[in-house]
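Visitor: Once you've had a glance at the structure underneath, I'll fire off some questions.
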Amino acid sequence: MKDISCKLLVIGAGPGGYVCAIRAGQLGVDTVIVDTQRAGGTCLNIGCIPSKALIHAAEEFDRIGRFAYARNVLGIEAEKPKIDLSQTVAWKNDIVGRLNNGVSVLLKRAKVKMVQGQARFRDGKTVEVETETGPQTIRAENVVIATGAAPVELPDLPFGGSVISSTQALALTTVPERLVVIGGGYIGLELGTAYAKLGSSVTIVEAQSRILPQYDSELTRPVSKRLKDLGVDVLTGANARGLSKTGDALIVETESGSEKALQASKVLVTVGRKPVTQGWGMEELVLDMDGPFIRIGEKCQTSMRGIYAIGDVTGEPMLAHRAMAQGEMVAEIVAGHNRVWDKRGIPAICFTDPEIVTIGLAPDEAQRSGTEIKVGHFPFSANGRAMTKLEEEGFVRVVARADNHMVLGIQAVGQGVSELSAAFGLALEMGARLEDIAGTIHAHPTQGEAFQEAALKALGHELHI
């Protein structure tokens, strides 16, 4: 095939890669993007979007079930629900397909050339792509590495048979009778909660002393309570050792050192994700590394001129919106704009039940930096909208400097709080002070009022608590 030359080559068509390519195309940069799969990457195809579809289906199923099994204050009666998980998966796949097509249209509109196949560096400016019709050589002035991350596999529990990754968990066509989830992080809890609502008997196995260890205990307490209400067993301080000889149970070592067999139809391994640094010729480059990740600077540049890296391959936080923001920035840099990367305002969301949102500094993080702080905390049990939705669990918390009241961080846990993340992010991005949030008129009745009330609480003149 005829060689291709371009100003920008993007390797990986996940959220970071395709956003980078689209923005570059919009700016008139001659751009090529390469991936082995359909555009969208892990997030769109086998991650964020499919998991949220499953979570929503599980929530609806659980809600109907609650009306069927017990008297409720709303006076609603329903019959015992049934679910055809294969139909749910088909609906999920339709959403993914529509979004795939949408990304392809956007790339085409931006005049980005898409090449499908496995890319491999020959040198810092040349990549060879193994396509269905043969090798394709691409020469580029600038290259963006956006190869993403993949699930971590445990040596004693390789994927296959009853041992599944999050990818397989999102493609099951029947609800497993007994599901054991290894890993009490956000992926394990999101999927474990969903399957518990769908009818699985779920056990969470976490090696650390509590679930969601990256969040403070005040935020995770409502999640732990809900797991208990759903009948989910949580084993902390426990380590998975492998399957039983019969293959129908997971052997775990408990905190006391004893072994326990957990009956399991499926074992879902969610112990983290690792950067994809193999298979695309990284050994042909001379890149500085931060452990397993590619080291980048404030412009996402690597140690090699003209080569950038974005997204999960560059480290934590492994979030699609982080990759998107980096991709957009790099496209503008290649087009000649002056941009730098600032990671302080990245929201993180855990789509558990209830949901958790964090952005900026938590109280203990702010205190460790030596800053005197004010903390405002407002519970949803005092919020009218939360009451009318029967979702009073949780709160909004605002952390600010004590001297000038500049907001340093915002956290929330509660039903639907993911939709408050934009307001939280805007406040931090704009350098808001407590008075700015308190003085903003929030519509009533909404859960967003808890944000205003938390700021008022920090200022010492709360109104509704």
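Chain labels A, B, ... are given in the sequence in which chains occur in the structure tokens; within each chain residues are numbered consecutively from 1, and ligands are likewise numbered from 1 in the order shown.
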Can you build me a table of segment 51-167 of chain A residues sitting at most 9 Å from segment 300-307 of chain A, with the closest atom pair per residue and its distance in Å to one decimal, using only C-alpha atoms, sorted by chain and residue number, as a Markdown table?
Guide:
```
| residue | atom | partner | partner_atom | distance |
| --- | --- | --- | --- | --- |
| A:Gly124 | CA | A:Ile307 | CA | 7.4 |
| A:Lys125 | CA | A:Gly306 | CA | 8.2 |
| A:Glu141 | CA | A:Gly306 | CA | 6.7 |
| A:Asn142 | CA | A:Gly306 | CA | 4.7 |
| A:Val143 | CA | A:Ile307 | CA | 4.9 |
| A:Val144 | CA | A:Ile307 | CA | 5.9 |
| A:Ile145 | CA | A:Ile307 | CA | 7.5 |
```
Visitor: Quick one: residues within 10 Å of Tyr18 of chain A, only C-alpha atoms, excluding same-chain residues fewer than 2 positions away - as a PyMOL selection string?
Guide: chain A and resi 10-16+20-24+33-34+39-41+103-104+106-107+112+114+146+323-324+327-328
Visitor: So which one's closest to Pro354 of chain A, A:Val313, A:Cys43, A:Ala238, A:Val223? Using only C-alpha atoms, please.
Guide: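 Using only C-alpha atoms, Pro354 of chain A sits closest to A:Val223.
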Visitor: Which residue is closest to Asn45 of chain A? Choose from A:Val96, A:Leu268, A:Leu27, A:Ile251 and count only C-alpha atoms.
Guide: A:Val96
Visitor: Nearest to Val232 of chain A among A:Ala386, A:Ile204, A:Leu250, A:Ile211, with distances taken over only C-alpha atoms: which residue is it?
Guide: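 Comparing A:Ala386, A:Ile204, A:Leu250, A:Ile211 against Val232 of chain A, the winner is A:Ile204.
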Visitor: At a cut-off of 12 Å, using only C-alpha atoms, what residues contact Arg122 of chain A? Leave out same-chain residues fewer than 3 positions from it and give the result as an NGL selection string.
Guide: :A and (119 or 125-129 or 136-140 or 280-285)
Visitor: For the residues in the current selection, export C-alpha atoms as a PDB file, in the first residue's frame.
Guide:
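Now in result-v4.pdb:
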```pdb
ATOM      1  CA  ALA A 119       0.162  -0.176  15.020  1.00  0.00           C
ATOM      2  CA  LYS A 125       8.363   9.182  13.351  1.00  0.00           C
ATOM      3  CA  THR A 126       7.361   5.988  11.568  1.00  0.00           C
ATOM      4  CA  VAL A 127       4.641   3.474  12.421  1.00  0.00           C
ATOM      5  CA  GLU A 128       3.673   0.327  10.572  1.00  0.00           C
ATOM      6  CA  VAL A 129       0.064  -0.826  10.851  1.00  0.00           C
ATOM      7  CA  GLN A 136       0.499   0.185   6.008  1.00  0.00           C
ATOM      8  CA  THR A 137       3.378   2.590   6.748  1.00  0.00           C
ATOM      9  CA  ILE A 138       2.538   5.945   8.309  1.00  0.00           C
ATOM     10  CA  ARG A 139       5.033   8.765   8.778  1.00  0.00           C
ATOM     11  CA  ALA A 140       4.056  11.586  11.116  1.00  0.00           C
ATOM     12  CA  TRP A 280       2.974  -1.398  19.764  1.00  0.00           C
ATOM     13  CA  GLY A 281       6.760  -1.236  19.640  1.00  0.00           C
ATOM     14  CA  MET A 282       7.591   0.823  22.697  1.00  0.00           C
ATOM     15  CA  GLU A 283      10.966  -0.907  22.742  1.00  0.00           C
ATOM     16  CA  GLU A 284      11.841   1.019  19.560  1.00  0.00           C
ATOM     17  CA  LEU A 285      11.516   4.288  21.490  1.00  0.00           C
TER      18      LEU A 285
END
```
